[in-house]
Every structure is written in structure tokens, then in C-alpha cells.
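Listing of target-v9.txt, compact mmCIF, C-alpha atoms (C1' of nucleotides)
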```
# COMPACT_ATOMS: atom_id res chain seq x y z
CA MET A 263 0.00 0.00 0.00
CA ALA A 264 1.45 3.28 -1.13
CA GLY A 265 0.21 6.85 -1.24
CA ARG A 266 0.60 10.16 0.44
CA PRO A 267 0.16 9.85 4.20
CA LYS A 268 -2.52 11.72 6.09
CA ILE A 269 -1.19 14.77 7.86
CA TYR A 270 -3.93 14.72 10.48
CA ASP A 271 -5.18 12.31 13.09
CA GLU A 272 -8.60 10.96 12.15
CA THR A 273 -9.93 10.73 15.70
CA ALA A 274 -8.47 14.09 16.63
CA ILE A 275 -10.40 15.93 13.93
CA LEU A 276 -13.49 13.90 14.78
CA ASP A 277 -13.23 15.18 18.33
CA LYS A 278 -13.09 18.70 16.99
CA ALA A 279 -16.21 18.06 14.92
CA VAL A 280 -17.97 16.69 18.01
CA GLU A 281 -17.15 19.93 19.82
CA VAL A 282 -18.66 22.04 17.06
CA PHE A 283 -21.80 19.92 16.67
CA TRP A 284 -22.30 19.85 20.43
CA GLU A 285 -21.80 23.57 20.80
CA LYS A 286 -23.74 24.85 17.80
CA GLY A 287 -26.15 22.03 17.06
CA TYR A 288 -26.35 19.91 13.92
CA ALA A 289 -28.41 22.30 11.81
CA ASN A 290 -26.47 25.39 12.82
CA ALA A 291 -23.02 23.90 12.32
CA THR A 292 -21.91 24.87 8.81
CA ALA A 293 -19.34 23.02 6.78
CA ASP A 294 -17.07 26.03 7.20
CA ASP A 295 -17.38 25.93 10.97
CA LEU A 296 -16.46 22.28 10.94
CA LEU A 297 -13.58 22.51 8.49
CA HIS A 298 -12.11 25.44 10.35
CA ALA A 299 -12.28 23.68 13.69
CA MET A 300 -10.91 20.46 12.23
CA GLY A 301 -8.14 22.40 10.54
CA ILE A 302 -8.34 20.58 7.22
CA GLY A 303 -9.25 21.72 3.73
CA LYS A 304 -12.30 20.89 1.72
CA GLY A 305 -10.44 18.42 -0.42
CA SER A 306 -9.32 16.39 2.55
CA PHE A 307 -12.72 16.61 4.16
CA TYR A 308 -14.77 15.37 1.24
CA PHE A 309 -12.13 12.73 0.59
CA ALA A 310 -12.30 11.41 4.15
CA PHE A 311 -16.06 11.87 4.53
CA LYS A 312 -17.60 11.17 1.16
CA GLY A 313 -21.05 11.57 2.65
CA GLY A 314 -20.32 15.15 3.71
CA LYS A 315 -21.85 16.63 6.83
CA GLU A 316 -24.23 13.74 7.41
CA GLU A 317 -21.51 11.09 7.40
CA LEU A 318 -19.37 13.25 9.63
CA PHE A 319 -22.19 13.50 12.12
CA ARG A 320 -22.80 9.78 12.02
CA LYS A 321 -19.17 9.12 12.82
CA SER A 322 -19.19 11.81 15.47
CA MET A 323 -22.07 10.01 17.19
CA GLU A 324 -20.07 6.78 17.18
CA ARG A 325 -17.20 8.67 18.73
CA VAL A 326 -19.36 10.13 21.49
CA VAL A 327 -20.71 6.69 22.32
CA GLU A 328 -17.17 5.39 22.41
CA LEU A 329 -15.94 8.16 24.68
CA ASN A 330 -18.90 8.63 26.99
CA PHE A 331 -21.19 5.63 27.15
CA LYS A 332 -18.48 3.02 27.11
CA ALA A 333 -16.82 4.83 29.99
CA ILE A 334 -20.03 4.69 32.00
CA ARG A 335 -20.55 1.04 31.17
CA ASP A 336 -16.99 0.17 32.18
CA ALA A 337 -17.22 2.11 35.41
CA LEU A 338 -20.47 0.35 36.22
CA ALA A 339 -18.99 -3.04 35.41
CA THR A 340 -16.18 -2.59 37.91
CA CYS A 341 -17.82 -0.59 40.68
CA GLU A 342 -19.11 -2.38 43.73
CA ASN A 343 -22.28 -0.35 44.26
CA PRO A 344 -24.03 0.35 40.94
CA VAL A 345 -26.95 2.03 42.66
CA GLN A 346 -24.72 4.57 44.35
CA PHE A 347 -22.94 5.05 41.05
CA ILE A 348 -26.21 5.99 39.37
CA ARG A 349 -27.07 8.36 42.19
CA ASP A 350 -23.71 10.07 41.90
CA PHE A 351 -23.98 10.17 38.15
CA PHE A 352 -27.28 12.03 38.16
CA LEU A 353 -26.34 14.31 41.01
CA SER A 354 -23.19 15.29 39.13
CA LEU A 355 -25.41 16.55 36.33
CA THR A 356 -26.85 19.24 38.57
CA GLY A 357 -23.53 21.03 39.12
CA ASN A 358 -21.97 23.78 37.08
CA ASP A 359 -18.97 21.60 36.38
CA SER A 360 -21.10 18.86 34.87
CA PRO A 361 -19.45 17.06 31.96
CA VAL A 362 -22.65 17.63 30.06
CA GLY A 363 -22.53 21.35 30.72
CA ASN A 364 -25.44 23.14 29.19
CA LYS A 365 -24.81 21.50 25.87
CA GLY A 366 -27.25 18.72 26.64
CA CYS A 367 -27.20 15.13 25.46
CA TYR A 368 -25.56 14.62 22.08
CA PHE A 369 -28.29 12.21 21.00
CA GLY A 370 -31.27 13.95 22.54
CA ASN A 371 -30.12 17.10 20.81
CA ALA A 372 -29.81 15.20 17.54
CA LEU A 373 -33.38 13.88 17.81
CA ILE A 374 -34.62 17.45 18.05
CA GLN A 375 -32.19 19.25 15.76
CA VAL A 376 -31.96 16.98 12.76
CA SER A 377 -34.41 17.77 9.99
CA ALA A 378 -37.16 15.32 9.12
CA ASP A 379 -35.57 14.28 5.83
CA ASP A 380 -32.43 13.16 7.64
CA SER A 381 -34.46 10.53 9.45
CA GLY A 382 -31.58 8.09 9.22
CA LEU A 383 -29.62 10.16 11.70
CA LYS A 384 -32.58 10.26 14.06
CA ILE A 385 -32.87 6.49 14.02
CA ILE A 386 -29.21 6.17 14.94
CA ALA A 387 -29.54 8.74 17.72
CA ALA A 388 -32.55 6.86 19.09
CA LYS A 389 -30.58 3.61 18.95
CA TYR A 390 -27.79 5.10 21.03
CA LEU A 391 -30.24 6.41 23.59
CA HIS A 392 -31.60 2.87 23.83
CA LEU A 393 -28.05 1.76 24.51
CA LEU A 394 -27.89 4.19 27.42
CA GLU A 395 -31.22 2.81 28.60
CA GLU A 396 -29.72 -0.69 28.55
CA ILE A 397 -26.73 0.46 30.54
CA PHE A 398 -29.03 1.85 33.20
CA THR A 399 -31.11 -1.32 33.15
CA GLU A 400 -28.05 -3.49 33.65
CA ALA A 401 -26.92 -1.35 36.53
CA VAL A 402 -30.31 -1.65 38.20
CA GLN A 403 -30.38 -5.39 37.65
CA LYS A 404 -26.95 -5.67 39.19
CA GLY A 405 -28.16 -3.62 42.13
CA LYS A 406 -31.07 -5.98 42.58
CA ASP A 407 -28.87 -9.04 42.33
CA LEU A 408 -26.64 -7.60 45.01
CA GLY A 409 -29.63 -7.03 47.27
CA LEU A 410 -29.20 -3.26 47.16
CA LEU A 411 -32.75 -2.68 45.92
CA GLU A 412 -36.02 -3.97 47.24
CA THR A 413 -38.30 -2.28 44.73
CA GLN A 414 -40.85 -4.39 42.89
CA GLU A 415 -40.38 -2.47 39.66
CA LEU A 416 -38.68 -4.34 36.85
CA ALA A 417 -35.11 -3.40 36.03
CA ALA A 418 -36.12 -2.61 32.45
CA ALA A 419 -38.85 -0.24 33.61
CA LEU A 420 -36.38 1.51 35.87
CA GLY A 421 -33.93 1.75 32.97
CA THR A 422 -36.60 3.50 30.94
CA TYR A 423 -37.33 5.72 33.91
CA LEU A 424 -33.69 6.72 34.22
CA VAL A 425 -33.17 7.44 30.53
CA ASN A 426 -36.27 9.60 30.66
CA LEU A 427 -34.83 11.41 33.68
CA TRP A 428 -31.64 11.91 31.67
CA ASN A 429 -33.60 13.29 28.74
CA GLY A 430 -35.58 15.59 30.98
CA LEU A 431 -32.62 16.94 32.90
CA ASN A 432 -30.79 17.80 29.71
CA VAL A 433 -33.66 20.07 28.75
CA THR A 434 -34.56 21.32 32.22
CA ARG A 435 -30.95 22.35 32.83
CA ARG A 436 -31.40 24.91 30.07
CA MET A 437 -34.38 26.58 31.69
CA GLU A 438 -33.34 26.21 35.29
CA THR A 439 -29.94 27.37 36.49
CA ASP A 440 -30.65 27.08 40.20
CA GLN A 441 -28.49 24.14 41.23
CA HIS A 442 -30.41 23.54 44.42
CA LYS A 443 -33.64 23.11 42.53
CA LEU A 444 -31.93 20.75 40.11
CA ALA A 445 -30.40 18.73 42.92
CA GLU A 446 -33.77 18.57 44.68
CA LEU A 447 -35.35 17.43 41.43
CA VAL A 448 -32.82 14.63 41.06
CA ARG A 449 -33.28 13.60 44.68
CA MET A 450 -37.03 13.27 44.21
CA ASN A 451 -36.53 11.21 41.09
CA LEU A 452 -33.97 8.92 42.65
CA ASN A 453 -36.37 8.03 45.44
CA ILE A 454 -37.59 5.43 43.02
CA LEU A 455 -34.37 3.51 43.62
CA HIS A 456 -35.20 2.04 47.01
CA MET B 194 -56.36 55.79 10.15
CA ALA B 195 -56.40 55.06 6.46
CA GLY B 196 -54.50 52.71 4.18
CA ARG B 197 -54.93 49.56 2.23
CA PRO B 198 -56.44 46.81 4.35
CA LYS B 199 -54.61 43.56 5.03
CA ILE B 200 -55.77 40.76 2.80
CA TYR B 201 -54.86 38.10 5.34
CA ASP B 202 -55.70 37.31 8.93
CA GLU B 203 -52.74 37.98 11.18
CA THR B 204 -53.39 35.14 13.61
CA ALA B 205 -54.21 32.74 10.78
CA ILE B 206 -50.82 33.16 9.17
CA LEU B 207 -49.18 33.01 12.59
CA ASP B 208 -50.80 29.64 13.09
CA LYS B 209 -49.35 28.52 9.79
CA ALA B 210 -45.92 29.68 10.89
CA VAL B 211 -46.31 27.76 14.14
CA GLU B 212 -47.04 24.63 12.13
CA VAL B 213 -43.90 25.03 10.06
CA PHE B 214 -41.64 25.83 13.01
CA TRP B 215 -43.07 22.92 14.99
CA GLU B 216 -42.71 20.50 12.11
CA LYS B 217 -39.29 21.48 10.78
CA GLY B 218 -37.65 23.15 13.75
CA TYR B 219 -36.48 26.74 14.05
CA ALA B 220 -33.13 26.36 12.34
CA ASN B 221 -34.45 24.21 9.51
CA ALA B 222 -37.46 26.37 8.70
CA THR B 223 -36.42 28.68 5.88
CA ALA B 224 -38.04 31.99 5.08
CA ASP B 225 -39.36 30.40 1.90
CA ASP B 226 -40.97 27.53 3.80
CA LEU B 227 -42.66 30.00 6.08
CA LEU B 228 -43.79 32.43 3.38
CA HIS B 229 -45.17 29.61 1.27
CA ALA B 230 -47.14 28.13 4.17
CA MET B 231 -48.38 31.53 5.24
CA GLY B 232 -49.33 32.30 1.65
CA ILE B 233 -47.97 35.84 1.65
CA GLY B 234 -45.20 37.55 -0.28
CA LYS B 235 -41.86 38.74 0.99
CA GLY B 236 -42.97 42.33 0.99
CA SER B 237 -45.95 41.65 3.20
CA PHE B 238 -43.87 39.47 5.46
CA TYR B 239 -41.08 41.92 6.10
CA PHE B 240 -43.67 44.66 6.46
CA ALA B 241 -45.62 42.76 9.11
CA PHE B 242 -42.57 41.28 10.82
CA LYS B 243 -39.82 43.86 10.58
CA GLY B 244 -37.57 41.65 12.66
CA GLY B 245 -37.78 38.83 10.11
CA LYS B 246 -37.63 35.21 11.15
CA GLU B 247 -36.69 35.96 14.74
CA GLU B 248 -39.63 38.26 15.37
CA LEU B 249 -41.94 35.80 13.69
CA PHE B 250 -40.75 33.06 16.00
CA ARG B 251 -41.15 35.28 19.05
CA LYS B 252 -44.74 35.98 18.10
CA SER B 253 -45.31 32.34 17.28
CA MET B 254 -44.22 31.42 20.80
CA GLU B 255 -46.70 33.90 22.25
CA ARG B 256 -49.36 32.32 20.09
CA VAL B 257 -48.54 28.80 21.28
CA VAL B 258 -48.70 29.94 24.90
CA GLU B 259 -52.04 31.56 24.18
CA LEU B 260 -53.47 28.49 22.50
CA ASN B 261 -52.02 25.72 24.63
CA PHE B 262 -50.93 26.85 28.06
CA LYS B 263 -53.84 29.15 28.68
CA ALA B 264 -56.19 26.30 27.80
CA ILE B 265 -54.51 24.06 30.36
CA ARG B 266 -54.62 26.78 33.00
CA ASP B 267 -58.29 27.46 32.36
CA ALA B 268 -59.20 23.80 32.43
CA LEU B 269 -57.33 23.43 35.70
CA ALA B 270 -59.06 26.46 37.17
CA THR B 271 -62.50 25.03 36.57
CA CYS B 272 -61.95 21.30 37.09
CA GLU B 273 -62.84 19.79 40.43
CA ASN B 274 -59.94 17.37 40.68
CA PRO B 275 -56.68 18.98 39.55
CA VAL B 276 -54.65 15.91 40.48
CA GLN B 277 -56.69 13.68 38.23
CA PHE B 278 -56.44 16.31 35.54
CA ILE B 279 -52.66 16.16 35.68
CA ARG B 280 -52.71 12.39 35.59
CA ASP B 281 -54.94 12.43 32.53
CA PHE B 282 -52.83 15.11 30.93
CA PHE B 283 -49.62 13.13 31.15
CA LEU B 284 -51.22 9.84 30.23
CA SER B 285 -52.66 11.46 27.13
CA LEU B 286 -49.12 12.23 26.04
CA THR B 287 -48.35 8.54 25.72
CA GLY B 288 -50.92 7.91 22.98
CA ASN B 289 -50.50 8.15 19.26
CA ASP B 290 -53.19 10.77 19.12
CA SER B 291 -51.38 13.03 21.54
CA PRO B 292 -51.82 16.71 20.78
CA VAL B 293 -48.08 16.99 21.05
CA GLY B 294 -47.58 14.23 18.53
CA ASN B 295 -43.92 13.56 17.95
CA LYS B 296 -43.24 17.22 17.40
CA GLY B 297 -42.28 17.71 21.00
CA CYS B 298 -42.66 20.80 23.15
CA TYR B 299 -42.50 24.06 21.24
CA PHE B 300 -40.33 25.64 23.90
CA GLY B 301 -38.15 22.69 24.75
CA ASN B 302 -37.46 22.35 21.05
CA ALA B 303 -36.59 26.03 20.88
CA LEU B 304 -34.08 25.72 23.73
CA ILE B 305 -32.25 23.05 21.77
CA GLN B 306 -32.70 24.30 18.21
CA VAL B 307 -32.01 28.00 18.48
CA SER B 308 -28.40 28.99 17.86
CA ALA B 309 -26.31 30.43 20.65
CA ASP B 310 -26.29 33.94 19.22
CA ASP B 311 -30.09 34.08 19.32
CA SER B 312 -29.95 33.80 23.09
CA GLY B 313 -32.88 36.20 23.40
CA LEU B 314 -35.19 33.56 21.99
CA LYS B 315 -33.85 30.97 24.40
CA ILE B 316 -34.56 33.22 27.34
CA ILE B 317 -38.13 33.65 26.20
CA ALA B 318 -38.56 29.92 25.66
CA ALA B 319 -37.21 29.27 29.16
CA LYS B 320 -39.61 31.86 30.56
CA TYR B 321 -42.58 30.10 29.01
CA LEU B 322 -41.45 26.75 30.37
CA HIS B 323 -41.34 28.38 33.78
CA LEU B 324 -44.92 29.44 33.18
CA LEU B 325 -45.84 25.81 32.57
CA GLU B 326 -44.00 24.91 35.76
CA GLU B 327 -46.13 27.47 37.63
CA ILE B 328 -49.30 26.03 36.17
CA PHE B 329 -48.32 22.59 37.44
CA THR B 330 -47.37 24.04 40.81
CA GLU B 331 -50.72 25.76 41.18
CA ALA B 332 -52.54 22.56 40.29
CA VAL B 333 -50.61 20.64 42.92
CA GLN B 334 -51.22 23.33 45.52
CA LYS B 335 -54.91 23.23 44.74
CA GLY B 336 -54.83 19.45 45.10
CA LYS B 337 -53.22 19.82 48.50
CA ASP B 338 -55.72 22.43 49.59
CA LEU B 339 -58.53 20.11 48.60
CA GLY B 340 -57.00 17.31 50.63
CA LEU B 341 -56.34 15.21 47.55
CA LEU B 342 -52.63 14.87 48.30
CA GLU B 343 -50.87 13.83 51.47
CA THR B 344 -47.32 14.10 50.20
CA GLN B 345 -44.82 16.11 52.23
CA GLU B 346 -43.14 17.48 49.13
CA LEU B 347 -43.66 21.17 48.45
CA ALA B 348 -45.98 22.12 45.62
CA ALA B 349 -43.19 24.07 43.94
CA ALA B 350 -40.87 21.06 44.01
CA LEU B 351 -43.59 18.93 42.47
CA GLY B 352 -44.15 21.59 39.83
CA THR B 353 -40.48 21.36 38.92
CA TYR B 354 -40.76 17.60 38.92
CA LEU B 355 -43.69 17.69 36.53
CA VAL B 356 -42.15 20.16 34.10
CA ASN B 357 -39.07 17.94 34.04
CA LEU B 358 -41.28 14.96 33.32
CA TRP B 359 -42.82 16.96 30.50
CA ASN B 360 -39.39 17.82 29.12
CA GLY B 361 -38.26 14.23 29.37
CA LEU B 362 -41.33 12.72 27.75
CA ASN B 363 -41.08 15.05 24.80
CA VAL B 364 -37.63 13.67 24.07
CA THR B 365 -38.26 10.07 25.11
CA ARG B 366 -41.31 9.90 22.85
CA ARG B 367 -38.94 10.31 19.92
CA MET B 368 -36.81 7.32 20.84
CA GLU B 369 -39.55 5.09 22.21
CA THR B 370 -42.67 4.37 20.20
CA ASP B 371 -43.98 1.57 22.40
CA GLN B 372 -47.03 3.13 24.00
CA HIS B 373 -47.15 0.62 26.81
CA LYS B 374 -43.64 1.47 27.87
CA LEU B 375 -44.48 5.16 27.75
CA ALA B 376 -47.65 4.67 29.77
CA GLU B 377 -45.75 2.60 32.32
CA LEU B 378 -43.12 5.33 32.49
CA VAL B 379 -45.76 7.95 33.20
CA ARG B 380 -47.42 5.74 35.80
CA MET B 381 -44.14 5.35 37.67
CA ASN B 382 -43.55 9.07 37.60
CA LEU B 383 -47.03 9.94 38.76
CA ASN B 384 -46.65 7.76 41.84
CA ILE B 385 -45.08 10.86 43.32
CA LEU B 386 -48.56 12.41 43.45
CA HIS B 387 -49.91 10.55 46.46
C1' DT C 281 13.94 6.39 -11.40
C1' DT C 282 9.64 5.50 -12.77
C1' DT C 283 4.99 4.37 -11.71
C1' DA C 284 0.95 3.66 -9.03
C1' DT C 285 -1.53 5.28 -5.17
C1' DT C 286 -3.31 8.28 -1.77
C1' DT C 287 -3.92 12.75 0.12
C1' DT C 288 -4.19 17.88 -0.22
C1' DG C 289 -4.93 22.64 -1.89
C1' DT C 290 -7.26 25.71 -4.88
C1' DA C 291 -10.46 27.30 -7.79
C1' DC C 292 -14.86 27.00 -8.98
C1' DC C 293 -20.11 26.35 -9.14
C1' DA C 294 -24.96 26.17 -8.89
C1' DA C 295 -28.43 26.73 -5.56
C1' DT C 296 -30.25 28.82 -1.75
C1' DT C 297 -30.14 32.01 1.85
C1' DA C 298 -32.16 36.25 4.29
C1' DG C 299 -33.17 40.56 3.24
C1' DT C 300 -33.92 45.29 0.50
C1' DA C 301 -35.69 48.65 -2.80
C1' DA C 302 -39.07 50.64 -4.98
C1' DA C 303 -42.99 50.97 -7.84
C1' DG C 304 -47.72 50.11 -7.68
C1' DT C 305 -52.42 49.29 -5.48
C1' DA C 306 -56.29 49.75 -2.33
C1' DT C 307 -58.30 52.04 1.07
C1' DT C 308 -59.84 56.25 4.35
C1' DA C 309 -59.92 61.15 5.47
C1' DT C 310 -60.41 65.73 3.80
C1' DA D 162 -61.33 64.36 -6.43
C1' DT D 163 -57.15 64.40 -4.01
C1' DA D 164 -53.96 63.43 -0.62
C1' DA D 165 -52.28 60.54 2.94
C1' DT D 166 -51.68 56.13 4.55
C1' DA D 167 -51.20 51.11 4.65
C1' DC D 168 -50.26 47.19 2.28
C1' DT D 169 -48.53 44.10 -1.77
C1' DT D 170 -45.89 42.70 -5.70
C1' DT D 171 -41.90 42.06 -8.14
C1' DA D 172 -37.28 42.28 -9.04
C1' DC D 173 -33.04 42.43 -7.23
C1' DT D 174 -28.68 41.71 -4.29
C1' DA D 175 -24.98 40.25 -1.67
C1' DA D 176 -23.52 36.58 1.02
C1' DT D 177 -23.31 31.92 2.18
C1' DT D 178 -24.48 27.33 1.46
C1' DG D 179 -22.79 22.38 0.52
C1' DG D 180 -20.34 20.29 -2.88
C1' DT D 181 -17.22 19.19 -7.24
C1' DA D 182 -13.20 19.10 -10.36
C1' DC D 183 -8.73 18.57 -10.85
C1' DA D 184 -4.00 19.57 -10.77
C1' DA D 185 -0.19 19.27 -7.53
C1' DA D 186 2.25 16.90 -3.91
C1' DA D 187 3.95 13.13 -1.09
C1' DT D 188 4.81 8.73 -0.40
C1' DA D 189 5.68 3.22 -1.36
C1' DA D 190 6.58 -0.31 -4.56
C1' DA D 191 8.69 -1.83 -9.00
```
How does the structure come out when it is put into C-alpha cells?
Amino acid sequence: MAGRPKIYDETAILDKAVEVFWEKGYANATADDLLHAMGIGKGSFYFAFKGGKEELFRKSMERVVELNFKAIRDALATCENPVQFIRDFFLSLTGNDSPVGNKGCYFGNALIQVSADDSGLKIIAAKYLHLLEEIFTEAVQKGKDLGLLETQELAAALGTYLVNLWNGLNVTRRMETDQHKLAELVRMNLNILH
Amino acid sequence: MAGRPKIYDETAILDKAVEVFWEKGYANATADDLLHAMGIGKGSFYFAFKGGKEELFRKSMERVVELNFKAIRDALATCENPVQFIRDFFLSLTGNDSPVGNKGCYFGNALIQVSADDSGLKIIAAKYLHLLEEIFTEAVQKGKDLGLLETQELAAALGTYLVNLWNGLNVTRRMETDQHKLAELVRMNLNILH
DNA sequence: TTTATTTTGTACCAATTAGTAAAGTATTAT
DNA sequence: ATAATACTTTACTAATTGGTACAAAATAAA
């Protein structure tokens, strides 16, 4: 295999694209915004991402799953108290220093920002949110198996509950900056884990 | 006051604009889309809405509040069981025939779709979501006053809880089409009203 | 060194964007 | 009728959009 070598790191520029999409939203992020942030020219871009903006966004979603969801799943797999982990996870969302910030959920945003004709992207975003739901469900099941939960609710139902809480918080955070109210809101919701 | 009379009904074309914004999203709705749906020319449009798309959206938000939130508030004011009203309200969101459909919340959508530089619109959208929160809070307070609720939680905290549920459902509906799961999700959330 | 292969930079393009300018039309007040 | 006002139509513009074409450049293999 011969040929001129790439002068950029594929995942590095993908991370830059993620930043732009997350900050500006899918519809508002222009090709120029993205190219500038990625630091590559049009030729390189359309060579690497033949599908243009849509393909870039698809790959950026994969990257976000890789970076964020896998990390959560791994942490849950190794931690000894998955229920406490979930509590801490949601409470951390109420702070100013939240990893999510006020940028919201990458996939929830996508579901709302992507135009109707790009329904393929929406389906993928929904799929990844279902993955998050599964992660929550597994954590709850593990908590039950360990005898940390006495609730009669099914683990799957609680997984749905938690992904809905996640979806809600990512919107509510944008209308409500009072951290105490947010923390109180999370506390009330987490009462379901008993 | 003299002058050529308008040949269209101001609120009628506003309703058309609401449809387009709700269907396509703020960023994806082009001036052409809007003008075509409203059935007026550019001249008339920029005459009636000097601020262009942004002003149109601001007025469209007012219109949605007028049509939707005021109706909820009025219904709550006259109904005899506000708690049951809230239960019915949320359960109705889980059906296919939901008034919200899969278009989501006009204001939640706005918070996520509007670009960062249009922060004025976001502030207004957040304000209207706070209005919804107040409506929920009042309903809960009324339920408490009537002795329909024995919970120790404050009405305001429950109002926040309910607006967060609203925000969550409007996203979760887009990833989860199974109505039974949605109904179960709502049931679990409404257990907090006891 | 030549050739094949892969990547990059530049110039270009057609379509669409939001928005303006201005001439013309329909009405009321005088 | 005439003038003042309020609205509409049409044509235009300047900028930006995503995307393409293609020659030049950088490398590995022959």
C-alpha cells in the first residue's frame, strides 16, 4: 500500500467536529465551521467523509458513544455499588462543572435538531439512547442481584425511567440554572431507587 | 387611520408559521418555507414582521402559549380534581393521538434548536417553560388544599418535577414508540402524586 | 527512477439564503 | 377628487451554502 500519508489524526479531527456539533447544534453547524475547527481543507474533508456533513455527524455520534457511554458502562462493570454510582452520576449533572454542561445530550439534541428528511440520523440517535437505557437497566439489575434494591419495579422499567430522567434533565438544565432546585429534582426522582 | 387593508388574517398566518416551526424546527425552517405556508409575499412578510424570522418566531411562541398553556390553565381552574387532571394530561401524552404528537414541546425544542447567538429567543422559551412549571405548581397546591394529596413534598418542588417529566417525555417519545412502555413510564412518575 | 496510489490545496459552481428597494395598489380622510 | 396612509408585488442583491473538479504533492513499490 502506497500513497501520500494523512497529515492529520482521524480521531483528533473527529473530536473537533464533536465539539462544534455539540456547541452549535447539527443544523447550525456549517461546513465552514467544521472545516475550520478540524483544521483541514475541503479536499481532505470530502475525501475522508464522502457523505459530507451527514456522514461526519454519524461518525461523530459513534465517537461520542465510544468516549462517553463506554466509559459509563466500564465504570459500572467494575464498581461495587451500581446504585450509588447511578445516584452520583445524576447528582453530578446538577452542578456547574457537569461534563454535560449546558450542551445537553448529544443524542437527545440530535433527535430534536436533525431535519425530518435526515431521518436516518434520528434512528441512529434513538438507537444510542436505547443503549444508554440498557446500561441503566443493567446497573439496576446488578443492584437488585446484590440485594441493594427492594423495589418491585422491573429493572427494564427503571432503565426507561432513568433514561427519561436523563432526557428531561438535559432540557430542564437549560431553563433552570438554580443548582439547588436541580439537585432537589434529582433527589425526588432517585427516590424510586429504594 | 387610512391605508390599504390587510388581505390576510394575522393570527391565521401566525398559526401557519407555528405549524412550520413545529414541524421542521427553528433552524431548519427557511423563510421560503414560512412564506409559502403563510401564503404571503416577501414584501408583506417583512412589512408585518420587521424583525424577520426571529420576530416571527417570538410571536409564534406567544401564540402557542395563548393556544395551549392558557387552555390548560383554564381547564385546571374550573376542574374539580386537579390531580386527576394532571394524571390524565400526562397519560394522554403517551398515545399516538397526543396533541403533542412527535413534534415535542415548542419551547423545549426552541431551547435546543435556536443557535447560541439568538440567546434572546432561548430566554423567552425558558420563561414560558417556567410558566408551565407554575401552572403545574398551582394545580398541585390546589390538590393539596382540597386534601387530595398527602405528600410532604412542596408544591413548587412537584411543579419542577412535573415540568421535568414533561421535558423528558417530549424527548423520550422520539426514541420510544412503544405506548405501553411510555404509559408505564408515566405511571411510575405519577406515583409521586400521592 | 519510474509508476501507481493516496492525500491535499485551490479554484470554482450552482443553488439557496435572508433581506432590500421601490414601484404600484387599495383604502380612508379631507 | 385628491392626498395621505397602509399594504402588496416584483425584481433584485450580496452573502453563504454544501459540494465538485482537478491539478499538484507526497509517499511506497517496481
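Closest to chain C among B:His229, B:Lys235, B:Tyr219, B:Met368 is B:Lys235, based on all atoms listed in the file.
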Point (-14.1, 22.9, -4.8) neighbourhood (7 Å, only C-alpha atoms (C1' of nucleotides)) written as a list in words: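 Collected hits near the coordinates: DA291 and DC292 of chain C; DT181 and DA182 of chain D.
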Distance filter 10 Å, all atoms listed in the file, chain A against chain C, as an MDAnalysis selection string: chainID A and resid 263:269 302:307 309:310
Export of the given selection (C-alpha atoms) as a PDB file, keeping the file's coordinate frame:
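result_6.pdb, written as the output of this step:
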```pdb
ATOM      1  CA  MET A 263       0.000   0.000   0.000  1.00  0.00           C
ATOM      2  CA  ALA A 264       1.450   3.280  -1.130  1.00  0.00           C
ATOM      3  CA  GLY A 265       0.210   6.850  -1.240  1.00  0.00           C
ATOM      4  CA  ARG A 266       0.600  10.160   0.440  1.00  0.00           C
ATOM      5  CA  PRO A 267       0.160   9.850   4.200  1.00  0.00           C
ATOM      6  CA  LYS A 268      -2.520  11.720   6.090  1.00  0.00           C
ATOM      7  CA  ILE A 269      -1.190  14.770   7.860  1.00  0.00           C
ATOM      8  CA  ILE A 302      -8.340  20.580   7.220  1.00  0.00           C
ATOM      9  CA  GLY A 303      -9.250  21.720   3.730  1.00  0.00           C
ATOM     10  CA  LYS A 304     -12.300  20.890   1.720  1.00  0.00           C
ATOM     11  CA  GLY A 305     -10.440  18.420  -0.420  1.00  0.00           C
ATOM     12  CA  SER A 306      -9.320  16.390   2.550  1.00  0.00           C
ATOM     13  CA  PHE A 307     -12.720  16.610   4.160  1.00  0.00           C
ATOM     14  CA  PHE A 309     -12.130  12.730   0.590  1.00  0.00           C
ATOM     15  CA  ALA A 310     -12.300  11.410   4.150  1.00  0.00           C
TER      16      ALA A 310
END
```
Contact set, chain D to chain A: 10 Å, only C-alpha atoms (C1' of nucleotides), as JSON, numbers by chain: {"D": [177, 178, 179, 180, 181, 186, 187, 188, 189, 190]}
Using all atoms listed in the file, find which residues of chain A lie within 8 Å of chain B and jot them down as a PyMOL selection string. chain A and resi 286-287+289-290+370-371+373-375+377-378+385+388-389+391-392+419+422-423+425-431+433-434+436-438+443+446-447+450-451
Dump of C-alpha atoms for the selected residues, as a compact mmCIF listing (two decimals), in the frame of the given file:
```
# COMPACT_ATOMS: atom_id res chain seq x y z
CA LYS A 286 -23.74 24.85 17.80
CA GLY A 287 -26.15 22.03 17.06
CA ALA A 289 -28.41 22.30 11.81
CA ASN A 290 -26.47 25.39 12.82
CA GLY A 370 -31.27 13.95 22.54
CA ASN A 371 -30.12 17.10 20.81
CA LEU A 373 -33.38 13.88 17.81
CA ILE A 374 -34.62 17.45 18.05
CA GLN A 375 -32.19 19.25 15.76
CA SER A 377 -34.41 17.77 9.99
CA ALA A 378 -37.16 15.32 9.12
CA ILE A 385 -32.87 6.49 14.02
CA ALA A 388 -32.55 6.86 19.09
CA LYS A 389 -30.58 3.61 18.95
CA LEU A 391 -30.24 6.41 23.59
CA HIS A 392 -31.60 2.87 23.83
CA ALA A 419 -38.85 -0.24 33.61
CA THR A 422 -36.60 3.50 30.94
CA TYR A 423 -37.33 5.72 33.91
CA VAL A 425 -33.17 7.44 30.53
CA ASN A 426 -36.27 9.60 30.66
CA LEU A 427 -34.83 11.41 33.68
CA TRP A 428 -31.64 11.91 31.67
CA ASN A 429 -33.60 13.29 28.74
CA GLY A 430 -35.58 15.59 30.98
CA LEU A 431 -32.62 16.94 32.90
CA VAL A 433 -33.66 20.07 28.75
CA THR A 434 -34.56 21.32 32.22
CA ARG A 436 -31.40 24.91 30.07
CA MET A 437 -34.38 26.58 31.69
CA GLU A 438 -33.34 26.21 35.29
CA LYS A 443 -33.64 23.11 42.53
CA GLU A 446 -33.77 18.57 44.68
CA LEU A 447 -35.35 17.43 41.43
CA MET A 450 -37.03 13.27 44.21
CA ASN A 451 -36.53 11.21 41.09
```
Hey, can you check how far CA of Lys332 (chain A) sits from CA of Leu383 (chain A)? 20.3 Å
